[in-house]
Amino acid sequence: MISGYAGKFLEVNLSTGKIKDVKFDDEVLKNYVGGRGLAAKILWDRLGSKWEKIDPLGPENILLFLTGPLTGYFPGGRICVSGKSPQSNGVVGSTVAGEFGVELRCAGYDGIIVTGESEKPVYLFVKDSDVEIRDAGRVWGKDGKQTVAMLTKECRALLKKRYPLYGEWKEPALLYIGPAGENKVRTAVVAAKWSHAAGYGGYGAVMGSKKLKAIAVKGTGPLPEAADIRKVKRFIKAVNDNAYESELWRRWGTGGGGYEFGAKTSSEPVRNWQDEWHDEKSYGVDQFENRFWVKQYWSDFGCPTCCLKVAVIKNGKFKGAITDNPDYEMQAYLGPNLGIFIPEENIFLSSLIDDLGLCGIQTGNVMGFAAELFQRKILTKKDLDGIELKWGDAEAFATLARKIALREGVGDLLAEGTYRAALKIGKMKNMDLLPYAVQSKGIGIGAHGVRSGKDFPEIISYACSVQCGDHTSMAGLPLDSGGSELMEILNDSGVYCNFNSFGISRSLKFNFYGAVTGIELTREEWCGTKALRILQLQRAMLLLGGPDLKWEPRIHDENPPRFYEPLPSGPYKGKTTDKAAVEEYKNRYYKAVGWDRNGIPTSKTLRKLGLNDVDKALEKLR
Amino acid sequence: MTTKKEPIWIARELSRCSGCRKCEIACSLFHEKRIWPEASRVRVFMLIPGVEFPHFCAQCKDYPCVQSCPVKALSISKKTGAVLVKNSACIACGKCIEACPGRIPHMHPTEKHIVICDLCNGEPQCVKVCQEGGWNVFKRVSRGDRPYELYARTPEKITRDLALKMYGEQAEEYM
């Protein structure tokens with residue numbers, strides 16, 4: 001057995017109620033590591049042959065909660081959620097911070113594989129090797145904060161009753177869905193700790209489709225033994241010391257972004273990306289910090305950065321709203337993207353989005369899309385069930401968000417996410433609405449634009465990513481650089497926080513992996529073989545797609561049309577994306593990752609990586 | 001840190017806790033040579049998100065836990081003032097948990113003995129990591145004659161106080 005792994009995975013079939021342990025060969029773990037990489041492997045092995053027929057929201061989909069060997073060791077613990085995505089119809093490795101991954105590993109499991117679907121609402125309670133499927137009827141329909149309160153109480157009472165002499169029980173770690181997930185909203189998240197979420201991919205809807213309200217886990221064992229704990233301790237210190245150097249990063253987290261990415265880099269979505277520049281000092285980090293942050297350094301297991309802050313509104317119209325910073329993505333998508341520049345309103349909307357179990361990025365994206373259609377008189381007040389969806393009207397957007405979470409009226413259309421909503425509304429109105437949809441292959445673009453050229457994404461970052469609009473998994477060259485998707489695959493497969501890897505050397509990450517697992521891993525091996533293999537699997541499943549959508553790389557490996565419009569204002573006014581440059585970069589990228597000129601992995605590439613069955617499956621696309 | 005006169009105490013400012021649990025990591029690495037949150041002598045509770053705090057021995061003036069032990073497995077360190085557990089003598093009866101006003105001691109998750117903060121023989125590891133990170137929830141101070149027992153409170157009570165302070169009266173909804 002390889003060091004650093006618990007050595008077994010928990011598999012739960014919610015249709016039959018059967019629970020069993022499963023193991024993977026060392027060879028599989030060596031090649032696919034964990035998290036995102038292993039998710040791609042498991043999904044391909046189990047569903048690959050019928051991928052196009054699998055409904056992401058049907059009982060055949062497999063929902064994965066996977067740790068990696070570095071979870072709990074590398075500062076900043078996370079868990080990777082995956083399955084067939086109801087957004088891209090491919091595979092997204094969607095990670096969320098918190099203690100869940102650590103608790104799971106301390107319980108003796110490297111991950112949880114959920115199959116089938118339950119008839120009635122249930123939650124899973126894991127206490128070390130004791131696993132039970134419990135009734136969740138009482139919490140079904142409850143919002144995020146209520147769910148956390150009720151399940152924390154219920155599970156602690158169970159532990160106390162079963163182990164009366166243990167002393168006080170700490171809370172188990174929870175992953176859960178809100179009403180949006182229950183209603184299979186495609187922009188629903190798998191949530192943790194009120195405001196943390198695995199958003200990209202839409203796995204909250206998959207949980208909801210399986211009627212799985214939550215998973216609670218308490219592990220009382222140690223983390224799986226590392227190969228060389230002395231080295232691990234040294235590397236932890238190196239990661240910590242690097243983070244401690246960046247005081248403003250720690251102090252503000254990404255909460256400085258709501259102002260900076262607008263004013264400085266002109267790359268923030270403003271009114272559904274009609275602009276990317278603003279200079280609203282009312283939206284500065286000081287306005288959040290000084291007025292609303294009651295905890296300035298909030299972090300998850302082992303994290304030295306504390307990019308999260310707790311924001312509370314204690315008086316006025318939005319009294320009672322509690323959320324994190326909001327972090328930059330929420331600040332942008334539930335702020336300027338909706339024409340909102342008032343911190344209170346942004347905190348109010350973020351808190352509501354948390355409670356409903358929605359993804360702030362995807363939901364902010366689709367609400368911005370709807371608001372632009374209203375601005376252009378394509379959607380009327382009547383179409384919007386009486387809502388005047390004017391830019392800047394936080395309460396109108398709150399009403400709409402509730403409708404989306406409950407799939408009520410127009411909310412049912414928008415609950416499909418921006419791409420599908422654009423097709424559906426376009427059909428109703430007999431118009432092409434895709435020019436207003438700021439997404440790539442079913443996933444709304446992260447709040448970092450490419451037109452100014454001053455932010456970190458490149459012109460093919462979203463277009464060629466196997467996780468599409470995901471701003472944490474971007475395509476780029478050279479393949480072994482920090483800007484390559486292959487290095488993000490390392491973060492998401494080792495399963496730790498990429499924020500704590502900013503500024504550290506790449507060799508430290510590989511050495512860290514080596515110290516935990518006892519297996520040497522070089523950058524060449526990772527970027528030339530292992531990560532590339534994971535990338536091809538994700539690419540294959542993305543292109544196979546189905547059953548409701550299918551992507552043609554020549555059409556869909558593309559930026560949203562908006563990114564080719566000139567920036568209308570600000571210091572980079574007039575700048576836009578050069579289509580010829582995108583084509584040129586795209587072709588170079590295809591070549592580097594071994595795809596043909598149509599963006600399909602070549603036979604040679606796949607066979608060299610030992611993916612012969614993938615090669616066969618892709619024959620029909622060539 | 002070493003200049004402070006012994007015995008010592010760990011002064012604590014709970015509302016500064018980030019919830020990073022580096023104290024649990026340091027404590028379990030020191031005592032168990034593993035990262036092992038449940039075996040840590042200091043445990044970070046998060047009964048409500050955002051309301052994280054370390055829960056660990058306050059070394060009460062009258063040491064009710066020591067007095068409650070039927071087999072004399074607990075003693076007081078002359079050097080540091082910490083409660084020391086003689087693992088081989090402990091019968092894991094849980095009497096000390098009942099005696100503690102904060103229900104702070106807990107069973108070792110795999111061994112048959114209680115777990116209580118021993119102040120790392122005067123160099124508390126939790127203090128070190130917390131200060132490295134600049135959180136300063138913990139500070140090592142000399143033990144004088146102060147009402148330390150005020151800090152021996154149950155997780156529920158501490159949570160309520162901190163939550164009301166952070167979130168106002170609506171915190172009641174989350175308890």
# chains A, B, ... in the order shown; residues from 1 in each chain; ligands from 1
$ residues_around --residues "Ala82 of chain B" --least-positions-apart "2" --cutoff "6 Å" --atoms "only C-alpha atoms" --output "ChimeraX atom specification"
/B:76-77,80,118-119
$ select_by_dssp --residues "segment 4-125 of chain B" --states "strand (DSSP E)" --output "number ranges by chain"
B: 8-12, 43-45, 53-55, 74-76, 83-85, 106-107, 114-115
$ write_last_selection --atoms "N, CA and C atoms" --output "CSV table (one decimal), in the first residue's frame"
chain,number,residue,atom,x,y,z
B,8,ILE,N,3.4,28.1,34.5
B,8,ILE,CA,2.9,29.0,33.4
B,8,ILE,C,1.4,28.8,33.2
B,9,TRP,N,0.8,29.6,32.4
B,9,TRP,CA,-0.6,29.5,32.0
B,9,TRP,C,-0.6,29.9,30.5
B,10,ILE,N,-1.6,29.4,29.8
B,10,ILE,CA,-1.8,29.9,28.4
B,10,ILE,C,-3.0,30.9,28.4
B,11,ALA,N,-2.6,32.1,28.3
B,11,ALA,CA,-3.7,33.1,28.2
B,11,ALA,C,-4.3,33.0,26.8
B,12,ARG,N,-5.7,33.1,26.8
B,12,ARG,CA,-6.4,32.8,25.5
B,12,ARG,C,-7.4,33.9,25.1
B,43,ARG,N,-8.6,21.0,21.4
B,43,ARG,CA,-9.5,20.7,20.3
B,43,ARG,C,-10.3,22.0,19.9
B,44,VAL,N,-10.3,22.2,18.6
B,44,VAL,CA,-11.0,23.4,18.1
B,44,VAL,C,-12.5,23.0,17.8
B,45,PHE,N,-13.4,23.6,18.5
B,45,PHE,CA,-14.8,23.3,18.2
B,45,PHE,C,-15.4,24.3,17.2
B,53,PHE,N,-13.2,27.9,18.2
B,53,PHE,CA,-12.4,28.3,19.4
B,53,PHE,C,-11.7,27.0,19.9
B,54,PRO,N,-10.5,27.2,20.5
B,54,PRO,CA,-9.8,26.1,21.1
B,54,PRO,C,-10.4,25.8,22.5
B,55,HIS,N,-10.5,24.5,22.7
B,55,HIS,CA,-11.1,24.0,24.0
B,55,HIS,C,-10.0,23.2,24.6
B,74,LEU,N,-4.2,11.2,37.9
B,74,LEU,CA,-3.9,12.6,37.6
B,74,LEU,C,-3.1,13.2,38.7
B,75,SER,N,-2.2,14.0,38.3
B,75,SER,CA,-1.4,14.8,39.2
B,75,SER,C,-1.1,16.2,38.7
B,76,ILE,N,-0.6,17.0,39.5
B,76,ILE,CA,-0.3,18.4,39.1
B,76,ILE,C,1.3,18.6,39.0
B,83,VAL,N,-1.9,19.6,34.5
B,83,VAL,CA,-2.5,18.3,34.9
B,83,VAL,C,-1.8,17.2,34.1
B,84,LEU,N,-1.1,16.3,34.8
B,84,LEU,CA,-0.4,15.2,34.1
B,84,LEU,C,-1.3,13.9,34.3
B,85,VAL,N,-1.3,13.2,33.2
B,85,VAL,CA,-2.1,11.9,33.2
B,85,VAL,C,-1.1,10.8,33.2
B,106,HIS,N,-11.1,14.6,27.4
B,106,HIS,CA,-11.8,13.6,26.6
B,106,HIS,C,-11.0,12.3,26.4
B,107,MET,N,-11.6,11.2,26.1
B,107,MET,CA,-10.9,10.0,26.0
B,107,MET,C,-10.0,10.0,24.7
B,114,ILE,N,-7.5,9.0,29.5
B,114,ILE,CA,-8.0,10.3,29.2
B,114,ILE,C,-6.9,11.2,28.6
B,115,VAL,N,-7.3,12.3,28.0
B,115,VAL,CA,-6.3,13.2,27.4
B,115,VAL,C,-6.6,14.6,27.9
$ closest_atom_pairs --of "chain B" --to "chain A" --cutoff "9 Å" --atoms "only C-alpha atoms" --output "tab-separated table"
residue	atom	partner	partner_atom	distance
B:Ser15	CA	A:Lys295	CA	8.1
B:Arg16	CA	A:Lys295	CA	7.4
B:Cys17	CA	A:Trp298	CA	7.8
B:Ser18	CA	A:Trp298	CA	4.4
B:Gly19	CA	A:Ser299	CA	5.6
B:Cys20	CA	A:Phe301	CA	5.0
B:Arg21	CA	A:Phe301	CA	5.7
B:Lys22	CA	A:Gly302	CA	5.3
B:Cys23	CA	A:Gly302	CA	8.9
B:Glu24	CA	A:Gly302	CA	9.0
B:Ile25	CA	A:Gly302	CA	7.5
B:Ser28	CA	A:Pro222	CA	8.9
B:Lys33	CA	A:Ile229	CA	8.2
B:Arg34	CA	A:Pro222	CA	6.4
B:Ile35	CA	A:Leu223	CA	5.7
B:Trp36	CA	A:Pro222	CA	4.1
B:Pro37	CA	A:Pro222	CA	7.1
B:Glu38	CA	A:Thr220	CA	5.4
B:Ala39	CA	A:Thr220	CA	7.7
B:Arg43	CA	A:Lys170	CA	7.9
B:Val44	CA	A:Lys170	CA	7.8
B:Phe45	CA	A:Lys170	CA	5.6
B:Met46	CA	A:Glu171	CA	6.5
B:Leu47	CA	A:Glu171	CA	5.9
B:Ile48	CA	A:Ala149	CA	7.2
B:Pro49	CA	A:Lys193	CA	5.4
B:Gly50	CA	A:Val310	CA	6.7
B:Ala92	CA	A:Leu165	CA	8.0
B:Cys93	CA	A:Leu165	CA	7.2
B:Gly94	CA	A:Leu165	CA	5.7
B:Lys95	CA	A:Leu165	CA	9.0
B:Ile97	CA	A:Gly167	CA	6.3
B:Glu98	CA	A:Gly167	CA	8.5
B:Arg103	CA	A:Glu168	CA	6.6
B:Ile104	CA	A:Glu168	CA	7.3
B:Pro105	CA	A:Gly167	CA	6.6
B:His106	CA	A:Gly167	CA	4.6
B:Met107	CA	A:Tyr166	CA	5.1
B:His108	CA	A:Tyr166	CA	8.1
B:Pro109	CA	A:Thr220	CA	5.9
B:Thr110	CA	A:Gly221	CA	7.5
B:Ile114	CA	A:Tyr166	CA	8.8
B:Glu132	CA	A:Tyr244	CA	8.3
B:Gly133	CA	A:Pro304	CA	6.6
B:Gly134	CA	A:Tyr244	CA	8.4
B:Trp135	CA	A:Tyr297	CA	8.0
B:Thr154	CA	A:Glu168	CA	8.4
B:Pro155	CA	A:Glu168	CA	7.8
B:Met166	CA	A:Val294	CA	6.2
B:Tyr167	CA	A:Val312	CA	6.7
B:Gly168	CA	A:Lys314	CA	7.3
B:Gln170	CA	A:Gly320	CA	7.0
B:Glu173	CA	A:Gln146	CA	8.1
B:Tyr174	CA	A:Ala149	CA	5.3
B:Met175	CA	A:Ala149	CA	6.4
$ residues_around --residues "Lys231 of chain A" --least-positions-apart "2" --cutoff "12 Å" --atoms "only C-alpha atoms" --output "list of chain:residue names"
A:Tyr73, A:Phe74, A:Ala226, A:Ala227, A:Asp228, A:Ile229, A:Lys233, A:Arg234, A:Phe235, A:Ile236, A:Lys237, A:Ala238, A:Leu508, A:Asn511, A:Phe512, A:Tyr513, A:Gly514, A:Ala515, A:Val516, A:Thr517, A:Gly518
$ write_last_selection --atoms "N, CA and C atoms" --output "mmCIF file, in the first residue's frame"
data_model
loop_
_atom_site.group_PDB
_atom_site.id
_atom_site.type_symbol
_atom_site.label_atom_id
_atom_site.label_comp_id
_atom_site.auth_asym_id
_atom_site.auth_seq_id
_atom_site.Cartn_x
_atom_site.Cartn_y
_atom_site.Cartn_z
ATOM 1 N N TYR A 73 -2.395 17.223 4.979
ATOM 2 C CA TYR A 73 -0.955 17.458 5.123
ATOM 3 C C TYR A 73 -0.574 18.801 4.509
ATOM 4 N N PHE A 74 -0.906 18.969 3.239
ATOM 5 C CA PHE A 74 -0.625 20.263 2.600
ATOM 6 C C PHE A 74 -1.569 21.279 3.236
ATOM 7 N N ALA A 226 2.174 9.222 6.843
ATOM 8 C CA ALA A 226 3.011 9.729 5.755
ATOM 9 C C ALA A 226 4.313 8.940 5.714
ATOM 10 N N ALA A 227 4.923 8.887 4.528
ATOM 11 C CA ALA A 227 6.162 8.128 4.372
ATOM 12 C C ALA A 227 7.291 8.747 5.197
ATOM 13 N N ASP A 228 7.363 10.068 5.210
ATOM 14 C CA ASP A 228 8.446 10.738 5.924
ATOM 15 C C ASP A 228 7.902 11.978 6.629
ATOM 16 N N ILE A 229 7.459 11.779 7.864
ATOM 17 C CA ILE A 229 6.772 12.865 8.579
ATOM 18 C C ILE A 229 7.706 14.037 8.876
ATOM 19 N N LYS A 233 6.785 17.783 7.851
ATOM 20 C CA LYS A 233 6.759 18.917 8.781
ATOM 21 C C LYS A 233 7.546 20.100 8.221
ATOM 22 N N ARG A 234 8.659 19.789 7.598
ATOM 23 C CA ARG A 234 9.482 20.850 7.023
ATOM 24 C C ARG A 234 8.749 21.539 5.861
ATOM 25 N N PHE A 235 8.075 20.741 5.055
ATOM 26 C CA PHE A 235 7.369 21.319 3.911
ATOM 27 C C PHE A 235 6.150 22.129 4.356
ATOM 28 N N ILE A 236 5.477 21.640 5.407
ATOM 29 C CA ILE A 236 4.343 22.412 5.936
ATOM 30 C C ILE A 236 4.845 23.789 6.345
ATOM 31 N N LYS A 237 5.984 23.799 7.012
ATOM 32 C CA LYS A 237 6.537 25.073 7.483
ATOM 33 C C LYS A 237 6.877 25.982 6.294
ATOM 34 N N ALA A 238 7.408 25.386 5.243
ATOM 35 C CA ALA A 238 7.765 26.189 4.064
ATOM 36 C C ALA A 238 6.521 26.820 3.434
ATOM 37 N N LEU A 508 8.453 22.143 -4.765
ATOM 38 C CA LEU A 508 7.990 21.901 -3.395
ATOM 39 C C LEU A 508 6.724 21.038 -3.411
ATOM 40 N N ASN A 511 7.792 17.534 -4.203
ATOM 41 C CA ASN A 511 8.501 16.975 -3.045
ATOM 42 C C ASN A 511 7.539 16.650 -1.910
ATOM 43 N N PHE A 512 6.546 17.507 -1.758
ATOM 44 C CA PHE A 512 5.526 17.298 -0.726
ATOM 45 C C PHE A 512 4.814 15.969 -1.002
ATOM 46 N N TYR A 513 4.416 15.811 -2.268
ATOM 47 C CA TYR A 513 3.749 14.563 -2.661
ATOM 48 C C TYR A 513 4.661 13.370 -2.353
ATOM 49 N N GLY A 514 5.929 13.521 -2.638
ATOM 50 C CA GLY A 514 6.881 12.435 -2.405
ATOM 51 C C GLY A 514 7.039 12.110 -0.924
ATOM 52 N N ALA A 515 7.090 13.147 -0.098
ATOM 53 C CA ALA A 515 7.280 12.928 1.339
ATOM 54 C C ALA A 515 6.062 12.236 1.957
ATOM 55 N N VAL A 516 4.866 12.527 1.441
ATOM 56 C CA VAL A 516 3.656 11.899 1.988
ATOM 57 C C VAL A 516 3.508 10.476 1.469
ATOM 58 N N THR A 517 3.703 10.291 0.165
ATOM 59 C CA THR A 517 3.398 8.977 -0.422
ATOM 60 C C THR A 517 4.601 8.036 -0.483
ATOM 61 N N GLY A 518 5.787 8.614 -0.416
ATOM 62 C CA GLY A 518 6.973 7.779 -0.576
ATOM 63 C C GLY A 518 7.262 7.449 -2.030
#
$ closest_residue --among "A:Asp455, A:Asp26, A:Glu416, A:Glu245" --to "Gly262 of chain A" --atoms "only C-alpha atoms"
A:Asp455
$ select_by_dssp --residues "segment 24-150 of chain B" --states "alpha helix (DSSP H)" --output "list in words"
Glu24, Ile25, Ala26, Cys27, Ser28, Leu29, Phe30, His31, Glu32, Pro64, Cys65, Val66, Gln67, Ser68, Lys95, Cys96, Ile97, Glu98, Ala99, Gln125, Cys126, Val127, Lys128, Val129, Cys130, Gln131 and Glu132 of chain B
$ residues_around --residues "Glu6 of chain B" --least-positions-apart "3" --cutoff "12 Å" --atoms "only C-alpha atoms" --output "PyMOL selection string"
chain B and resi 1-3+9-10+77-82+119+121-123+140-144
$ write_last_selection --atoms "N, CA and C atoms" --output "PDB file, in the first residue's frame"
ATOM      1  N   MET B   1       9.827  33.567  24.845  1.00  0.00           N
ATOM      2  CA  MET B   1       8.839  32.669  25.418  1.00  0.00           C
ATOM      3  C   MET B   1       9.408  31.946  26.641  1.00  0.00           C
ATOM      4  N   THR B   2      10.698  31.646  26.574  1.00  0.00           N
ATOM      5  CA  THR B   2      11.295  30.863  27.654  1.00  0.00           C
ATOM      6  C   THR B   2      11.663  31.721  28.857  1.00  0.00           C
ATOM      7  N   THR B   3      11.561  33.037  28.707  1.00  0.00           N
ATOM      8  CA  THR B   3      11.984  33.894  29.806  1.00  0.00           C
ATOM      9  C   THR B   3      10.934  33.979  30.913  1.00  0.00           C
ATOM     10  N   TRP B   9       0.829  29.638  32.402  1.00  0.00           N
ATOM     11  CA  TRP B   9      -0.573  29.477  31.967  1.00  0.00           C
ATOM     12  C   TRP B   9      -0.630  29.914  30.505  1.00  0.00           C
ATOM     13  N   ILE B  10      -1.625  29.421  29.793  1.00  0.00           N
ATOM     14  CA  ILE B  10      -1.802  29.882  28.417  1.00  0.00           C
ATOM     15  C   ILE B  10      -2.970  30.861  28.404  1.00  0.00           C
ATOM     16  N   SER B  77       1.680  19.043  37.810  1.00  0.00           N
ATOM     17  CA  SER B  77       3.103  19.241  37.591  1.00  0.00           C
ATOM     18  C   SER B  77       3.597  20.392  38.456  1.00  0.00           C
ATOM     19  N   LYS B  78       4.611  20.129  39.258  1.00  0.00           N
ATOM     20  CA  LYS B  78       5.165  21.189  40.110  1.00  0.00           C
ATOM     21  C   LYS B  78       5.821  22.251  39.250  1.00  0.00           C
ATOM     22  N   LYS B  79       6.405  21.803  38.145  1.00  0.00           N
ATOM     23  CA  LYS B  79       7.147  22.721  37.296  1.00  0.00           C
ATOM     24  C   LYS B  79       6.218  23.677  36.550  1.00  0.00           C
ATOM     25  N   THR B  80       5.210  23.118  35.859  1.00  0.00           N
ATOM     26  CA  THR B  80       4.392  23.954  34.975  1.00  0.00           C
ATOM     27  C   THR B  80       3.013  24.279  35.523  1.00  0.00           C
ATOM     28  N   GLY B  81       2.522  23.462  36.436  1.00  0.00           N
ATOM     29  CA  GLY B  81       1.156  23.629  36.907  1.00  0.00           C
ATOM     30  C   GLY B  81       0.146  22.840  36.090  1.00  0.00           C
ATOM     31  N   ALA B  82       0.620  22.098  35.086  1.00  0.00           N
ATOM     32  CA  ALA B  82      -0.285  21.322  34.230  1.00  0.00           C
ATOM     33  C   ALA B  82      -0.805  20.085  34.956  1.00  0.00           C
ATOM     34  N   LEU B 119       0.687  21.121  28.878  1.00  0.00           N
ATOM     35  CA  LEU B 119       1.499  22.325  28.669  1.00  0.00           C
ATOM     36  C   LEU B 119       2.866  22.002  28.062  1.00  0.00           C
ATOM     37  N   ASN B 121       5.297  20.400  28.874  1.00  0.00           N
ATOM     38  CA  ASN B 121       6.397  20.567  29.820  1.00  0.00           C
ATOM     39  C   ASN B 121       6.976  21.997  29.796  1.00  0.00           C
ATOM     40  N   GLY B 122       6.103  22.948  29.538  1.00  0.00           N
ATOM     41  CA  GLY B 122       6.541  24.338  29.644  1.00  0.00           C
ATOM     42  C   GLY B 122       6.744  25.056  28.328  1.00  0.00           C
ATOM     43  N   GLU B 123       6.757  24.320  27.221  1.00  0.00           N
ATOM     44  CA  GLU B 123       6.927  24.933  25.896  1.00  0.00           C
ATOM     45  C   GLU B 123       5.735  24.583  25.008  1.00  0.00           C
ATOM     46  N   ARG B 140       1.744  32.525  26.163  1.00  0.00           N
ATOM     47  CA  ARG B 140       2.275  31.854  27.352  1.00  0.00           C
ATOM     48  C   ARG B 140       2.589  32.918  28.389  1.00  0.00           C
ATOM     49  N   VAL B 141       1.999  32.781  29.571  1.00  0.00           N
ATOM     50  CA  VAL B 141       2.244  33.762  30.638  1.00  0.00           C
ATOM     51  C   VAL B 141       2.620  33.030  31.926  1.00  0.00           C
ATOM     52  N   SER B 142       3.171  33.768  32.875  1.00  0.00           N
ATOM     53  CA  SER B 142       3.460  33.151  34.168  1.00  0.00           C
ATOM     54  C   SER B 142       2.156  32.976  34.929  1.00  0.00           C
ATOM     55  N   ARG B 143       2.096  31.898  35.652  1.00  0.00           N
ATOM     56  CA  ARG B 143       0.873  31.630  36.397  1.00  0.00           C
ATOM     57  C   ARG B 143       0.924  32.375  37.732  1.00  0.00           C
ATOM     58  N   GLY B 144       0.012  33.304  37.892  1.00  0.00           N
ATOM     59  CA  GLY B 144      -0.079  33.989  39.177  1.00  0.00           C
ATOM     60  C   GLY B 144      -1.336  33.517  39.877  1.00  0.00           C
TER      61      GLY B 144
END
$ closest_residue --among "A:Lys18, A:Arg420, A:Lys161, A:Lys403" --to "Gly442 of chain A" --atoms "only C-alpha atoms"
A:Arg420
$ decode --residues "segment 110-132 of chain B" --atoms "C-alpha atoms" --output "PDB file, in the first residue's frame"
ATOM      1  CA  THR B 110      -7.841   4.545  20.461  1.00  0.00           C
ATOM      2  CA  GLU B 111      -6.109   4.099  23.830  1.00  0.00           C
ATOM      3  CA  LYS B 112      -7.851   3.548  27.141  1.00  0.00           C
ATOM      4  CA  HIS B 113      -6.916   6.760  28.887  1.00  0.00           C
ATOM      5  CA  ILE B 114      -7.993  10.342  29.237  1.00  0.00           C
ATOM      6  CA  VAL B 115      -6.348  13.188  27.356  1.00  0.00           C
ATOM      7  CA  ILE B 116      -5.580  16.504  29.071  1.00  0.00           C
ATOM      8  CA  CYS B 117      -3.266  19.373  28.088  1.00  0.00           C
ATOM      9  CA  ASP B 118       0.144  18.925  29.745  1.00  0.00           C
ATOM     10  CA  LEU B 119       1.499  22.325  28.669  1.00  0.00           C
ATOM     11  CA  CYS B 120       4.204  20.440  26.738  1.00  0.00           C
ATOM     12  CA  ASN B 121       6.397  20.567  29.820  1.00  0.00           C
ATOM     13  CA  GLY B 122       6.541  24.338  29.644  1.00  0.00           C
ATOM     14  CA  GLU B 123       6.927  24.933  25.896  1.00  0.00           C
ATOM     15  CA  PRO B 124       3.371  24.714  24.553  1.00  0.00           C
ATOM     16  CA  GLN B 125       3.438  23.863  20.843  1.00  0.00           C
ATOM     17  CA  CYS B 126       0.018  25.382  20.214  1.00  0.00           C
ATOM     18  CA  VAL B 127       1.249  28.779  21.404  1.00  0.00           C
ATOM     19  CA  LYS B 128       4.192  28.575  19.060  1.00  0.00           C
ATOM     20  CA  VAL B 129       2.217  27.878  15.877  1.00  0.00           C
ATOM     21  CA  CYS B 130      -0.516  30.310  16.754  1.00  0.00           C
ATOM     22  CA  GLN B 131       2.003  33.105  17.242  1.00  0.00           C
ATOM     23  CA  GLU B 132       3.932  32.207  14.111  1.00  0.00           C
TER      24      GLU B 132
END
